>>> print(open('work.txt').read())   # compact mmCIF, N, CA and C atoms
# COMPACT_ATOMS: atom_id res chain seq x y z
N LEU A 14 40.50 151.42 88.11
CA LEU A 14 41.33 150.30 87.68
C LEU A 14 40.46 149.12 87.31
N VAL A 15 40.96 148.33 86.35
CA VAL A 15 40.29 147.09 85.96
C VAL A 15 41.33 145.98 85.98
N ALA A 16 41.00 144.85 86.59
CA ALA A 16 41.90 143.70 86.66
C ALA A 16 41.30 142.55 85.87
N THR A 17 42.17 141.64 85.43
CA THR A 17 41.71 140.47 84.70
C THR A 17 42.31 139.22 85.31
N ALA A 18 41.63 138.10 85.13
CA ALA A 18 42.12 136.80 85.57
C ALA A 18 41.51 135.75 84.66
N ASN A 19 42.20 134.60 84.53
CA ASN A 19 41.64 133.48 83.78
C ASN A 19 40.63 132.82 84.69
N ASP A 20 39.40 132.70 84.24
CA ASP A 20 38.31 132.24 85.07
C ASP A 20 38.17 130.72 85.12
N ASP A 21 38.99 129.98 84.33
CA ASP A 21 38.81 128.52 84.22
C ASP A 21 39.06 127.81 85.55
N ASP A 22 40.22 128.03 86.17
CA ASP A 22 40.52 127.47 87.47
C ASP A 22 41.72 128.20 88.06
N ALA A 23 42.04 127.91 89.30
CA ALA A 23 43.09 128.64 90.00
C ALA A 23 44.46 128.46 89.34
N THR A 24 44.79 127.26 88.86
CA THR A 24 46.10 127.06 88.24
C THR A 24 46.19 127.75 86.89
N ALA A 25 45.10 127.79 86.14
CA ALA A 25 45.11 128.47 84.84
C ALA A 25 45.31 129.96 85.02
N ALA A 26 44.83 130.53 86.11
CA ALA A 26 44.98 131.96 86.34
C ALA A 26 46.45 132.34 86.46
N THR A 27 47.28 131.44 86.94
CA THR A 27 48.71 131.75 87.06
C THR A 27 49.40 131.74 85.70
N LEU A 28 48.73 131.28 84.65
CA LEU A 28 49.31 131.24 83.31
C LEU A 28 49.09 132.53 82.53
N LEU A 29 48.34 133.46 83.07
CA LEU A 29 48.06 134.73 82.40
C LEU A 29 49.25 135.65 82.59
N HIS A 30 49.78 136.19 81.49
CA HIS A 30 50.97 137.03 81.54
C HIS A 30 50.73 138.34 80.80
N ALA A 31 51.60 139.29 81.04
CA ALA A 31 51.58 140.54 80.30
C ALA A 31 53.01 140.88 79.91
N GLU A 32 53.16 141.47 78.72
CA GLU A 32 54.48 141.88 78.26
C GLU A 32 55.04 142.95 79.21
N GLU A 33 56.35 143.09 79.19
CA GLU A 33 57.01 144.06 80.06
C GLU A 33 56.40 145.45 79.87
N GLY A 34 56.16 146.12 80.97
CA GLY A 34 55.61 147.46 80.90
C GLY A 34 54.09 147.48 80.95
N THR A 35 53.45 146.31 80.88
CA THR A 35 52.00 146.24 80.99
C THR A 35 51.67 145.32 82.15
N GLY A 36 50.43 145.08 82.39
CA GLY A 36 50.08 144.20 83.48
C GLY A 36 48.67 143.69 83.34
N ASP A 37 48.24 142.91 84.33
CA ASP A 37 46.88 142.39 84.29
C ASP A 37 45.91 143.31 85.02
N THR A 38 46.40 144.48 85.46
CA THR A 38 45.56 145.52 86.01
C THR A 38 45.91 146.82 85.29
N VAL A 39 44.91 147.47 84.71
CA VAL A 39 45.16 148.70 83.95
C VAL A 39 44.21 149.80 84.39
N SER A 40 44.57 151.03 84.10
CA SER A 40 43.71 152.18 84.38
C SER A 40 42.65 152.32 83.30
N ILE A 41 41.56 152.94 83.67
CA ILE A 41 40.50 153.24 82.72
C ILE A 41 40.77 154.64 82.16
N GLU A 42 40.88 154.72 80.83
CA GLU A 42 41.12 156.00 80.18
C GLU A 42 40.04 156.23 79.13
N ASN A 43 39.39 157.36 79.19
CA ASN A 43 38.29 157.69 78.27
C ASN A 43 37.23 156.59 78.23
N GLY A 44 36.97 155.99 79.38
CA GLY A 44 35.94 154.97 79.47
C GLY A 44 36.36 153.58 79.03
N LEU A 45 37.66 153.40 78.65
CA LEU A 45 38.15 152.09 78.18
C LEU A 45 39.28 151.57 79.05
N ALA A 46 39.29 150.26 79.25
CA ALA A 46 40.42 149.57 79.88
C ALA A 46 41.04 148.70 78.79
N VAL A 47 42.26 149.02 78.38
CA VAL A 47 42.93 148.32 77.27
C VAL A 47 44.07 147.48 77.84
N PHE A 48 44.03 146.17 77.59
CA PHE A 48 45.02 145.23 78.10
C PHE A 48 46.02 144.86 77.00
N ASP A 49 46.81 145.82 76.53
CA ASP A 49 47.84 145.54 75.52
C ASP A 49 48.87 144.57 76.08
N GLY A 50 49.29 143.60 75.27
CA GLY A 50 50.36 142.68 75.66
C GLY A 50 49.93 141.54 76.56
N LEU A 51 48.66 141.37 76.82
CA LEU A 51 48.19 140.29 77.68
C LEU A 51 48.21 138.98 76.89
N PHE A 52 48.72 137.89 77.48
CA PHE A 52 48.77 136.61 76.77
C PHE A 52 48.77 135.43 77.73
N ILE A 53 48.43 134.27 77.20
CA ILE A 53 48.53 132.99 77.89
C ILE A 53 49.56 132.18 77.12
N ALA A 54 50.65 131.80 77.77
CA ALA A 54 51.76 131.13 77.08
C ALA A 54 51.47 129.67 76.77
N LYS A 55 50.78 128.97 77.63
CA LYS A 55 50.58 127.53 77.50
C LYS A 55 49.45 127.20 76.54
N ALA A 56 49.78 126.51 75.44
CA ALA A 56 48.77 126.11 74.46
C ALA A 56 48.03 124.86 74.95
N GLY A 57 46.87 124.63 74.35
CA GLY A 57 46.11 123.42 74.63
C GLY A 57 45.11 123.58 75.75
N LEU A 58 45.17 124.70 76.47
CA LEU A 58 44.19 124.91 77.52
C LEU A 58 42.85 125.21 76.87
N GLU A 59 41.85 124.43 77.22
CA GLU A 59 40.53 124.58 76.62
C GLU A 59 39.57 125.21 77.63
N ARG A 60 38.51 125.76 77.10
CA ARG A 60 37.44 126.34 77.90
C ARG A 60 37.93 127.48 78.79
N ASN A 61 38.83 128.31 78.26
CA ASN A 61 39.29 129.48 78.98
C ASN A 61 38.25 130.58 78.91
N LYS A 62 38.18 131.36 79.97
CA LYS A 62 37.39 132.58 80.00
C LYS A 62 38.20 133.58 80.81
N LEU A 63 38.12 134.83 80.42
CA LEU A 63 38.73 135.89 81.20
C LEU A 63 37.66 136.61 81.98
N ARG A 64 37.97 136.95 83.22
CA ARG A 64 37.05 137.72 84.05
C ARG A 64 37.69 139.09 84.27
N PHE A 65 36.92 140.13 84.03
CA PHE A 65 37.38 141.50 84.22
C PHE A 65 36.61 142.09 85.40
N THR A 66 37.34 142.71 86.33
CA THR A 66 36.74 143.25 87.54
C THR A 66 37.26 144.67 87.76
N THR A 67 36.38 145.55 88.20
CA THR A 67 36.80 146.92 88.49
C THR A 67 36.65 147.21 89.98
N SER A 68 37.44 148.17 90.44
CA SER A 68 37.35 148.62 91.83
C SER A 68 36.41 149.82 91.95
N LEU A 69 35.84 150.27 90.83
CA LEU A 69 34.91 151.41 90.85
C LEU A 69 33.62 151.03 91.57
N PRO A 70 33.08 151.94 92.38
CA PRO A 70 31.79 151.67 93.05
C PRO A 70 30.65 151.91 92.05
N LEU A 71 30.29 150.88 91.31
CA LEU A 71 29.26 150.99 90.28
C LEU A 71 27.89 150.54 90.83
N ASP A 72 26.81 151.09 90.26
CA ASP A 72 25.47 150.65 90.64
C ASP A 72 25.17 149.27 90.04
N GLY A 73 25.76 148.99 88.86
CA GLY A 73 25.54 147.71 88.19
C GLY A 73 26.69 146.74 88.47
N ALA A 74 26.86 145.81 87.56
CA ALA A 74 27.88 144.76 87.71
C ALA A 74 29.28 145.37 87.75
N ILE A 75 30.13 144.84 88.61
CA ILE A 75 31.53 145.30 88.68
C ILE A 75 32.48 144.30 88.03
N SER A 76 31.91 143.24 87.42
CA SER A 76 32.74 142.28 86.69
C SER A 76 31.97 141.77 85.48
N CYS A 77 32.74 141.28 84.50
CA CYS A 77 32.14 140.65 83.32
C CYS A 77 33.12 139.60 82.82
N GLU A 78 32.64 138.69 81.97
CA GLU A 78 33.48 137.59 81.48
C GLU A 78 33.51 137.56 79.96
N SER A 79 34.63 137.08 79.44
CA SER A 79 34.75 136.87 77.99
C SER A 79 34.01 135.61 77.60
N ILE A 80 33.89 135.39 76.31
CA ILE A 80 33.36 134.12 75.84
C ILE A 80 34.45 133.06 75.99
N VAL A 81 34.08 131.79 75.94
CA VAL A 81 35.02 130.68 76.08
C VAL A 81 35.94 130.61 74.87
N PHE A 82 37.24 130.35 75.10
CA PHE A 82 38.19 130.21 74.01
C PHE A 82 39.25 129.17 74.36
N THR A 83 39.94 128.67 73.33
CA THR A 83 41.03 127.71 73.49
C THR A 83 42.33 128.38 73.07
N VAL A 84 43.41 128.10 73.77
CA VAL A 84 44.72 128.66 73.45
C VAL A 84 45.44 127.69 72.51
N GLY A 85 45.80 128.17 71.32
CA GLY A 85 46.48 127.34 70.33
C GLY A 85 47.98 127.57 70.32
N VAL A 86 48.68 126.72 69.58
CA VAL A 86 50.13 126.84 69.39
C VAL A 86 50.39 127.97 68.40
N GLY A 87 51.39 128.79 68.69
CA GLY A 87 51.73 129.92 67.83
C GLY A 87 52.68 129.52 66.71
N PRO A 88 53.14 130.50 65.93
CA PRO A 88 54.07 130.21 64.84
C PRO A 88 55.44 129.80 65.38
N PRO A 89 56.26 129.13 64.56
CA PRO A 89 57.59 128.72 65.01
C PRO A 89 58.39 129.91 65.52
N HIS A 90 59.09 129.71 66.64
CA HIS A 90 59.87 130.80 67.25
C HIS A 90 61.35 130.45 67.35
N GLU A 91 61.66 129.21 67.79
CA GLU A 91 63.07 128.83 67.94
C GLU A 91 63.23 127.32 68.06
N LEU A 92 64.49 126.88 67.87
CA LEU A 92 64.87 125.48 68.06
C LEU A 92 65.44 125.33 69.47
N VAL A 93 65.16 124.18 70.10
CA VAL A 93 65.67 123.90 71.44
C VAL A 93 66.25 122.50 71.45
N VAL A 94 67.47 122.36 71.99
CA VAL A 94 68.09 121.04 72.16
C VAL A 94 67.44 120.38 73.37
N VAL A 95 66.77 119.24 73.16
CA VAL A 95 66.12 118.51 74.23
C VAL A 95 67.03 117.41 74.75
N THR A 96 67.66 116.69 73.82
CA THR A 96 68.62 115.65 74.17
C THR A 96 69.91 115.96 73.44
N ASP A 97 70.99 116.09 74.19
CA ASP A 97 72.29 116.44 73.61
C ASP A 97 73.13 115.17 73.48
N ALA A 98 73.79 115.01 72.34
CA ALA A 98 74.63 113.83 72.10
C ALA A 98 75.75 113.71 73.14
N SER A 99 76.14 114.83 73.74
CA SER A 99 77.23 114.80 74.71
C SER A 99 76.82 114.17 76.04
N SER A 100 75.53 113.80 76.18
CA SER A 100 75.09 113.15 77.42
C SER A 100 75.54 111.69 77.49
N ALA A 101 76.22 111.21 76.44
CA ALA A 101 76.77 109.85 76.41
C ALA A 101 78.13 109.89 75.70
N THR A 102 78.79 108.78 75.64
CA THR A 102 80.08 108.70 74.96
C THR A 102 79.88 108.79 73.45
N VAL A 103 80.69 109.63 72.81
CA VAL A 103 80.65 109.77 71.35
C VAL A 103 81.94 109.15 70.82
N THR A 104 81.79 108.16 69.91
CA THR A 104 82.94 107.43 69.38
C THR A 104 83.05 107.67 67.88
N GLY A 105 84.26 107.98 67.42
CA GLY A 105 84.47 108.22 66.00
C GLY A 105 84.09 107.02 65.15
N GLY A 106 83.43 107.26 64.02
CA GLY A 106 83.04 106.20 63.10
C GLY A 106 81.79 105.43 63.49
N ARG A 107 81.14 105.80 64.58
CA ARG A 107 79.93 105.11 65.05
C ARG A 107 78.81 106.13 65.27
N ALA A 108 77.60 105.64 65.13
CA ALA A 108 76.43 106.50 65.37
C ALA A 108 76.41 106.94 66.83
N PHE A 109 75.89 108.11 67.08
CA PHE A 109 75.75 108.58 68.46
C PHE A 109 74.91 107.58 69.24
N SER A 110 75.39 107.18 70.43
CA SER A 110 74.62 106.24 71.24
C SER A 110 73.36 106.90 71.79
N VAL A 111 73.40 108.20 72.00
CA VAL A 111 72.21 108.98 72.36
C VAL A 111 72.06 110.03 71.26
N PRO A 112 71.11 109.81 70.34
CA PRO A 112 70.97 110.76 69.23
C PRO A 112 70.47 112.12 69.71
N PRO A 113 70.99 113.19 69.10
CA PRO A 113 70.48 114.51 69.45
C PRO A 113 68.99 114.61 69.13
N ARG A 114 68.27 115.35 69.95
CA ARG A 114 66.83 115.55 69.73
C ARG A 114 66.55 117.04 69.84
N ILE A 115 65.91 117.59 68.82
CA ILE A 115 65.65 119.02 68.73
C ILE A 115 64.14 119.24 68.63
N GLU A 116 63.63 120.24 69.35
CA GLU A 116 62.22 120.59 69.25
C GLU A 116 62.09 121.98 68.62
N ILE A 117 61.00 122.16 67.88
CA ILE A 117 60.63 123.47 67.37
C ILE A 117 59.52 123.98 68.28
N ILE A 118 59.74 125.17 68.88
CA ILE A 118 58.75 125.70 69.82
C ILE A 118 58.27 127.08 69.38
N ASP A 119 57.11 127.46 69.92
CA ASP A 119 56.60 128.81 69.68
C ASP A 119 57.08 129.73 70.81
N ALA A 120 56.68 130.98 70.80
CA ALA A 120 57.13 131.95 71.80
C ALA A 120 56.68 131.60 73.21
N GLY A 121 55.64 130.77 73.34
CA GLY A 121 55.17 130.33 74.65
C GLY A 121 55.80 129.03 75.10
N GLU A 122 56.83 128.57 74.38
CA GLU A 122 57.56 127.32 74.65
C GLU A 122 56.71 126.08 74.43
N ASN A 123 55.73 126.16 73.53
CA ASN A 123 54.91 125.02 73.16
C ASN A 123 55.52 124.35 71.94
N VAL A 124 55.64 123.02 71.97
CA VAL A 124 56.17 122.27 70.83
C VAL A 124 55.17 122.32 69.68
N LEU A 125 55.66 122.57 68.48
CA LEU A 125 54.79 122.64 67.30
C LEU A 125 54.45 121.23 66.86
N VAL A 126 53.53 120.59 67.58
CA VAL A 126 53.19 119.18 67.37
C VAL A 126 52.55 118.92 66.01
N TYR A 127 52.10 119.97 65.32
CA TYR A 127 51.45 119.79 64.02
C TYR A 127 52.43 119.90 62.86
N ASP A 128 53.74 120.07 63.14
CA ASP A 128 54.74 120.21 62.08
C ASP A 128 55.27 118.82 61.70
N TYR A 129 54.90 118.39 60.50
CA TYR A 129 55.37 117.12 59.95
C TYR A 129 56.04 117.34 58.60
N SER A 130 56.36 118.57 58.26
CA SER A 130 56.88 118.84 56.92
C SER A 130 58.24 119.52 56.90
N SER A 131 58.72 120.00 58.02
CA SER A 131 60.00 120.71 58.06
C SER A 131 61.17 119.75 58.20
N PHE A 132 62.36 120.27 57.95
CA PHE A 132 63.60 119.54 58.18
C PHE A 132 64.53 120.41 59.00
N ILE A 133 65.38 119.78 59.80
CA ILE A 133 66.40 120.50 60.56
C ILE A 133 67.75 119.99 60.10
N LYS A 134 68.64 120.91 59.74
CA LYS A 134 69.97 120.56 59.26
C LYS A 134 70.95 120.58 60.43
N VAL A 135 71.87 119.61 60.43
CA VAL A 135 72.93 119.57 61.43
C VAL A 135 74.28 119.80 60.73
N GLU A 136 75.13 120.58 61.38
CA GLU A 136 76.48 120.84 60.91
C GLU A 136 77.42 120.78 62.10
N ILE A 137 78.66 120.48 61.86
CA ILE A 137 79.65 120.54 62.93
C ILE A 137 80.02 122.01 63.10
N TYR A 138 79.80 122.54 64.29
CA TYR A 138 80.02 123.96 64.55
C TYR A 138 81.47 124.23 64.94
N ASN A 139 82.01 123.42 65.83
CA ASN A 139 83.40 123.55 66.26
C ASN A 139 84.07 122.23 65.94
N ASN A 140 85.07 122.21 65.07
CA ASN A 140 85.60 120.97 64.52
C ASN A 140 87.14 120.95 64.50
N PRO A 141 87.77 120.93 65.67
CA PRO A 141 89.24 120.93 65.68
C PRO A 141 89.85 119.66 65.10
N SER A 142 89.12 118.54 65.10
CA SER A 142 89.66 117.28 64.57
C SER A 142 89.41 117.12 63.08
N LYS A 143 88.70 118.08 62.46
CA LYS A 143 88.38 118.05 61.02
C LYS A 143 87.53 116.82 60.65
N GLY A 144 86.67 116.38 61.57
CA GLY A 144 85.79 115.24 61.30
C GLY A 144 84.67 115.62 60.34
N THR A 145 83.93 114.62 59.86
CA THR A 145 82.79 114.85 58.98
C THR A 145 81.58 114.11 59.54
N LEU A 146 80.40 114.54 59.14
CA LEU A 146 79.17 113.87 59.54
C LEU A 146 78.74 112.90 58.46
N SER A 147 78.26 111.74 58.86
CA SER A 147 77.77 110.73 57.93
C SER A 147 76.46 110.20 58.50
N PRO A 148 75.58 109.61 57.71
CA PRO A 148 75.66 109.39 56.27
C PRO A 148 75.21 110.64 55.51
N LYS A 149 75.58 110.73 54.27
CA LYS A 149 75.19 111.87 53.45
C LYS A 149 74.11 111.49 52.44
N GLN A 150 73.85 110.19 52.24
CA GLN A 150 72.77 109.79 51.32
C GLN A 150 71.41 110.01 51.96
N HIS A 151 70.36 109.93 51.19
CA HIS A 151 68.98 110.17 51.63
C HIS A 151 68.88 111.56 52.25
N HIS A 152 68.44 111.63 53.50
CA HIS A 152 68.32 112.93 54.16
C HIS A 152 69.68 113.39 54.67
N GLY A 153 70.59 112.45 54.94
CA GLY A 153 71.95 112.79 55.37
C GLY A 153 71.97 113.66 56.61
N THR A 154 72.41 114.89 56.45
CA THR A 154 72.53 115.78 57.61
C THR A 154 71.27 116.62 57.84
N PHE A 155 70.17 116.19 57.23
CA PHE A 155 68.86 116.81 57.46
C PHE A 155 67.97 115.80 58.16
N ALA A 156 67.35 116.20 59.25
CA ALA A 156 66.42 115.31 59.96
C ALA A 156 64.99 115.79 59.74
N PRO A 157 64.09 114.91 59.38
CA PRO A 157 62.69 115.33 59.21
C PRO A 157 62.07 115.64 60.57
N VAL A 158 61.21 116.63 60.59
CA VAL A 158 60.48 116.99 61.81
C VAL A 158 59.20 116.16 61.86
N VAL A 159 58.98 115.50 62.98
CA VAL A 159 57.78 114.70 63.18
C VAL A 159 57.12 115.16 64.48
N GLY A 160 56.00 115.81 64.34
CA GLY A 160 55.30 116.31 65.53
C GLY A 160 56.09 117.36 66.29
N GLY A 161 56.85 118.18 65.55
CA GLY A 161 57.62 119.25 66.17
C GLY A 161 58.98 118.84 66.70
N VAL A 162 59.36 117.56 66.49
CA VAL A 162 60.62 117.05 67.02
C VAL A 162 61.44 116.42 65.90
N ALA A 163 62.75 116.70 65.89
CA ALA A 163 63.66 116.07 64.94
C ALA A 163 64.78 115.40 65.71
>>> encode(input="work.txt", output="structure tokens")
Amino acid sequence: LVATANDDDATAATLLHAEEGTGDTVSIENGLAVFDGLFIAKAGLERNKLRFTTSLPLDGAISCESIVFTVGVGPPHELVVVTDASSATVTGGRAFSVPPRIEIIDAGENVLVYDYSSFIKVEIYNNPSKGTLSPKQHHGTFAPVVGGVA
């Protein structure tokens, strides 16, 4: 068996994950230990190294380390409501007193802070009162994304 851990510090080691059906400890097959599905979800961690250790009684080293790497933000994965307009009173004909706030995140739940070019559209999903959204000029029902947030 071969196990892996993030060598940076104790808290970073808890950020190492494996997809379902895999793990951070694998069997050696044909002389190889393959860690399919291994990932670190939290972006921005710098100076990461992985340490690989075996339980085999070897004459030489029983562990080795990867080179240093940084975990970056992945591609857009989903939108998340961070601030909901319903957290305050909503009055007809007036701007929301607490504007909705939406984040664009990657699969590791990291905000895409480098996104300054996208737009997010808002529509009324359930509308029993037949209300409309305003204003419609300029961006209207489209909000520009600034640092991954609209």
>>> closest_residue(input="work.txt", among="A:Gly85, A:Ile137, A:Ala163, A:Pro113", to="Ala98 of chain A", atoms="all atoms listed in the file")
A:Pro113
>>> select_by_dssp(input="work.txt", residues="chain A", states="helix (DSSP H, G or I)", output="PyMOL selection string")
chain A and resi 23-26+98-100
>>> atom_distance(input="work.txt", atom1="atom CA of Thr154 of chain A", atom2="atom CA of Phe132 of chain A")
9.7 Å
>>> atom_distance(input="work.txt", atom1="atom CA of Val126 of chain A", atom2="atom C of Val84 of chain A")
12.6 Å
>>> axis_aligned_box(input="work.txt", around="segment 141-148 of chain A", padding_each_side="6 Å", output="JSON")
{"center_x": 82.5, "center_y": 115.2, "center_z": 60.6, "size_x": 26.6, "size_y": 23.5, "size_z": 22.2}
>>> atom_distance(input="work.txt", atom1="atom C of Val47 of chain A", atom2="atom CA of Leu71 of chain A")
19.7 Å
>>> residues_around(input="work.txt", residues="segment 117-124 of chain A", least_positions_apart="5", cutoff="10 Å", atoms="only C-alpha atoms", output="VMD selection string")
chain A and resid 52 to 57 85 to 94 131 133 158 160 to 163
>>> residues_near_point(input="work.txt", point="(35.8, 134.7, 78.9)", cutoff="9 Å", atoms="only C-alpha atoms", output="list in words")
Asn19, Asp20, Asp21, Arg60, Asn61, Lys62, Leu63, Arg64, Phe65, Cys77, Glu78, Ser79, Ile80, Val81 and Phe82 of chain A
>>> closest_residue(input="work.txt", among="A:Thr83, A:Pro157, A:Thr96, A:Arg107", to="Asp128 of chain A", atoms="all atoms listed in the file")
A:Pro157
>>> build_atoms(input="work.txt", residues="segment 113-135 of chain A", atoms="N, CA, C and O atoms", output="PDB file, keeping the file's coordinate frame")
ATOM      1  N   PRO A 113      70.990 113.190  69.100  1.00  0.00           N
ATOM      2  CA  PRO A 113      70.480 114.510  69.450  1.00  0.00           C
ATOM      3  C   PRO A 113      68.990 114.610  69.130  1.00  0.00           C
ATOM      4  O   PRO A 113      68.522 114.007  68.157  1.00  0.00           O
ATOM      5  N   ARG A 114      68.270 115.350  69.950  1.00  0.00           N
ATOM      6  CA  ARG A 114      66.830 115.550  69.730  1.00  0.00           C
ATOM      7  C   ARG A 114      66.550 117.040  69.840  1.00  0.00           C
ATOM      8  O   ARG A 114      66.909 117.675  70.835  1.00  0.00           O
ATOM      9  N   ILE A 115      65.910 117.590  68.820  1.00  0.00           N
ATOM     10  CA  ILE A 115      65.650 119.020  68.730  1.00  0.00           C
ATOM     11  C   ILE A 115      64.140 119.240  68.630  1.00  0.00           C
ATOM     12  O   ILE A 115      63.449 118.526  67.900  1.00  0.00           O
ATOM     13  N   GLU A 116      63.630 120.240  69.350  1.00  0.00           N
ATOM     14  CA  GLU A 116      62.220 120.590  69.250  1.00  0.00           C
ATOM     15  C   GLU A 116      62.090 121.980  68.620  1.00  0.00           C
ATOM     16  O   GLU A 116      62.933 122.844  68.819  1.00  0.00           O
ATOM     17  N   ILE A 117      61.000 122.160  67.880  1.00  0.00           N
ATOM     18  CA  ILE A 117      60.630 123.470  67.370  1.00  0.00           C
ATOM     19  C   ILE A 117      59.520 123.980  68.280  1.00  0.00           C
ATOM     20  O   ILE A 117      58.509 123.293  68.462  1.00  0.00           O
ATOM     21  N   ILE A 118      59.740 125.170  68.880  1.00  0.00           N
ATOM     22  CA  ILE A 118      58.750 125.700  69.820  1.00  0.00           C
ATOM     23  C   ILE A 118      58.270 127.080  69.380  1.00  0.00           C
ATOM     24  O   ILE A 118      58.935 127.766  68.609  1.00  0.00           O
ATOM     25  N   ASP A 119      57.110 127.460  69.920  1.00  0.00           N
ATOM     26  CA  ASP A 119      56.600 128.810  69.680  1.00  0.00           C
ATOM     27  C   ASP A 119      57.080 129.730  70.810  1.00  0.00           C
ATOM     28  O   ASP A 119      57.831 129.298  71.696  1.00  0.00           O
ATOM     29  N   ALA A 120      56.680 130.980  70.800  1.00  0.00           N
ATOM     30  CA  ALA A 120      57.130 131.950  71.800  1.00  0.00           C
ATOM     31  C   ALA A 120      56.680 131.600  73.210  1.00  0.00           C
ATOM     32  O   ALA A 120      57.277 132.038  74.182  1.00  0.00           O
ATOM     33  N   GLY A 121      55.640 130.770  73.340  1.00  0.00           N
ATOM     34  CA  GLY A 121      55.170 130.330  74.650  1.00  0.00           C
ATOM     35  C   GLY A 121      55.800 129.030  75.100  1.00  0.00           C
ATOM     36  O   GLY A 121      55.359 128.414  76.056  1.00  0.00           O
ATOM     37  N   GLU A 122      56.830 128.570  74.380  1.00  0.00           N
ATOM     38  CA  GLU A 122      57.560 127.320  74.650  1.00  0.00           C
ATOM     39  C   GLU A 122      56.710 126.080  74.430  1.00  0.00           C
ATOM     40  O   GLU A 122      56.924 125.037  75.044  1.00  0.00           O
ATOM     41  N   ASN A 123      55.730 126.160  73.530  1.00  0.00           N
ATOM     42  CA  ASN A 123      54.910 125.020  73.160  1.00  0.00           C
ATOM     43  C   ASN A 123      55.520 124.350  71.940  1.00  0.00           C
ATOM     44  O   ASN A 123      55.901 125.021  70.987  1.00  0.00           O
ATOM     45  N   VAL A 124      55.640 123.020  71.970  1.00  0.00           N
ATOM     46  CA  VAL A 124      56.170 122.270  70.830  1.00  0.00           C
ATOM     47  C   VAL A 124      55.170 122.320  69.680  1.00  0.00           C
ATOM     48  O   VAL A 124      53.965 122.150  69.893  1.00  0.00           O
ATOM     49  N   LEU A 125      55.660 122.570  68.480  1.00  0.00           N
ATOM     50  CA  LEU A 125      54.790 122.640  67.300  1.00  0.00           C
ATOM     51  C   LEU A 125      54.450 121.230  66.860  1.00  0.00           C
ATOM     52  O   LEU A 125      54.990 120.689  65.896  1.00  0.00           O
ATOM     53  N   VAL A 126      53.530 120.590  67.580  1.00  0.00           N
ATOM     54  CA  VAL A 126      53.190 119.180  67.370  1.00  0.00           C
ATOM     55  C   VAL A 126      52.550 118.920  66.010  1.00  0.00           C
ATOM     56  O   VAL A 126      52.465 117.786  65.573  1.00  0.00           O
ATOM     57  N   TYR A 127      52.100 119.970  65.320  1.00  0.00           N
ATOM     58  CA  TYR A 127      51.450 119.790  64.020  1.00  0.00           C
ATOM     59  C   TYR A 127      52.430 119.900  62.860  1.00  0.00           C
ATOM     60  O   TYR A 127      52.029 119.818  61.712  1.00  0.00           O
ATOM     61  N   ASP A 128      53.740 120.070  63.140  1.00  0.00           N
ATOM     62  CA  ASP A 128      54.740 120.210  62.080  1.00  0.00           C
ATOM     63  C   ASP A 128      55.270 118.820  61.700  1.00  0.00           C
ATOM     64  O   ASP A 128      55.944 118.165  62.476  1.00  0.00           O
ATOM     65  N   TYR A 129      54.900 118.390  60.500  1.00  0.00           N
ATOM     66  CA  TYR A 129      55.370 117.120  59.950  1.00  0.00           C
ATOM     67  C   TYR A 129      56.040 117.340  58.600  1.00  0.00           C
ATOM     68  O   TYR A 129      56.247 116.393  57.852  1.00  0.00           O
ATOM     69  N   SER A 130      56.360 118.570  58.260  1.00  0.00           N
ATOM     70  CA  SER A 130      56.880 118.840  56.920  1.00  0.00           C
ATOM     71  C   SER A 130      58.240 119.520  56.900  1.00  0.00           C
ATOM     72  O   SER A 130      58.868 119.598  55.856  1.00  0.00           O
ATOM     73  N   SER A 131      58.720 120.000  58.020  1.00  0.00           N
ATOM     74  CA  SER A 131      60.000 120.710  58.060  1.00  0.00           C
ATOM     75  C   SER A 131      61.170 119.750  58.200  1.00  0.00           C
ATOM     76  O   SER A 131      60.995 118.574  58.537  1.00  0.00           O
ATOM     77  N   PHE A 132      62.360 120.270  57.950  1.00  0.00           N
ATOM     78  CA  PHE A 132      63.600 119.540  58.180  1.00  0.00           C
ATOM     79  C   PHE A 132      64.530 120.410  59.000  1.00  0.00           C
ATOM     80  O   PHE A 132      64.486 121.639  58.908  1.00  0.00           O
ATOM     81  N   ILE A 133      65.380 119.780  59.800  1.00  0.00           N
ATOM     82  CA  ILE A 133      66.400 120.500  60.560  1.00  0.00           C
ATOM     83  C   ILE A 133      67.750 119.990  60.100  1.00  0.00           C
ATOM     84  O   ILE A 133      67.989 118.779  60.053  1.00  0.00           O
ATOM     85  N   LYS A 134      68.640 120.910  59.740  1.00  0.00           N
ATOM     86  CA  LYS A 134      69.970 120.560  59.260  1.00  0.00           C
ATOM     87  C   LYS A 134      70.950 120.580  60.430  1.00  0.00           C
ATOM     88  O   LYS A 134      70.894 121.447  61.288  1.00  0.00           O
ATOM     89  N   VAL A 135      71.870 119.610  60.430  1.00  0.00           N
ATOM     90  CA  VAL A 135      72.930 119.570  61.430  1.00  0.00           C
ATOM     91  C   VAL A 135      74.280 119.800  60.730  1.00  0.00           C
ATOM     92  O   VAL A 135      74.508 119.319  59.629  1.00  0.00           O
TER      93      VAL A 135
END
